[in-house]
Amino acid sequence: MTERLKIASWNINSVRYRIDIVGRFLKEEAPDILCLQETKVVDELFPHEAFHALGYSHRLLHGQRMHHGVAIVSRVPLIEDDRLDWQANQEARHIGVRLPNGLRLENVYVPAGGDVPDAELNPKFGQKLAFVERMTRWSEGLTTPTILVGDFNIAPLECDVWSHKQLLDVVSHTPVEVAALARLQASHQWVDLGRHFVPPPGRLYTWWSYRAKDWAASDRGRRLDHMWASPQVARHAVAHKVHEDCRAWLKPSDHVPLVTEFAF
DNA sequence: ATGACTTCCGTAGGAAGA
């Protein structure tokens, strides 16, 4: 018998401020599991009721005051959860679980890294690189089939940004970040599901700045959000969609949700 | 463009996003 599993990931930029569009997305797309980043809420104030009402009765949180914060909400049970600190500074940027079918699902929010792409001048940039390096050490030791999703805050390919040339010195697309992400990917032979379904040079963006006068007209997008899978899991991926339409919804996040459907 | 916009916290405006 085939088991279908639809997993979504979305940097929501405040789950409380955007609870209406999260609800709309869950109703329309009906994923089994939604991984959220930038929830921006302490666990005590997480809007449980809205998710429970839509059937997402399993919820695991790793939030903090003001910034960052991740969560997994699900219609299927979530077990053996853990929260890793790849920046070694107590920021809430990861939550992982085991699913009933034995897979691991890891939800991560990689630090943005500040403005200046120089670790000497900008400590946040160094912290971002260290975060990805610690993730790589973790990834090297993985033996369980895993799905790794989230806001990686790095657009690795030339076609992952609106202008490769103009973004070479812009944090998120610098060669040093791209190289760090490539080492992470190689450490487990992670399959980039976005590019599995939309091969280069196909247009595929997940983020558009709030600062553009007309985000759709200028289309200065970047692919900062990703869904990766262990090779033996990626074989079961049957569909993938980036919900660009959500960027035009009322009170949008600057990121849009990604969805992958698996058939086991 | 030391730029534009958005959120949190808290009730002004700084910090952070990327």
# chains A, B, ... in the order shown; residues from 1 in each chain; ligands from 1

$ closest_atom_pairs --of "chain B" --to "chain A" --cutoff "9 Å" --atoms "only C-alpha atoms (C1' of nucleotides)" --output "JSON lines"
{"residue": "B:DA4", "atom": "C1'", "partner": "A:Arg211", "partner_atom": "CA", "distance": 5.1}
{"residue": "B:DC5", "atom": "C1'", "partner": "A:Arg211", "partner_atom": "CA", "distance": 4.5}
{"residue": "B:DT6", "atom": "C1'", "partner": "A:Tyr210", "partner_atom": "CA", "distance": 7.0}
{"residue": "B:DT7", "atom": "C1'", "partner": "A:Ser14", "partner_atom": "CA", "distance": 7.3}
{"residue": "B:DC8", "atom": "C1'", "partner": "A:Met66", "partner_atom": "CA", "distance": 5.4}
{"residue": "B:DC9", "atom": "C1'", "partner": "A:Met66", "partner_atom": "CA", "distance": 7.7}
{"residue": "B:DA16", "atom": "C1'", "partner": "A:His67", "partner_atom": "CA", "distance": 7.9}
{"residue": "B:DG17", "atom": "C1'", "partner": "A:Ala112", "partner_atom": "CA", "distance": 7.3}
{"residue": "B:DA18", "atom": "C1'", "partner": "A:Ala112", "partner_atom": "CA", "distance": 6.0}

$ select_by_dssp --residues "range 99-195 of chain A" --states "strand (DSSP E or B)" --output "number ranges by chain"
A: 104-109, 146-151, 161, 191-192

$ residues_around --residues "Val108 in chain A" --least-positions-apart "6" --cutoff "8 Å" --atoms "only C-alpha atoms (C1' of nucleotides)" --output "ChimeraX atom specification"
/A:37,70,93-95,148-152

$ atom_distance --atom1 "CA of Gln64 in chain A" --atom2 "CA of Asp43 in chain A"
7.0 Å
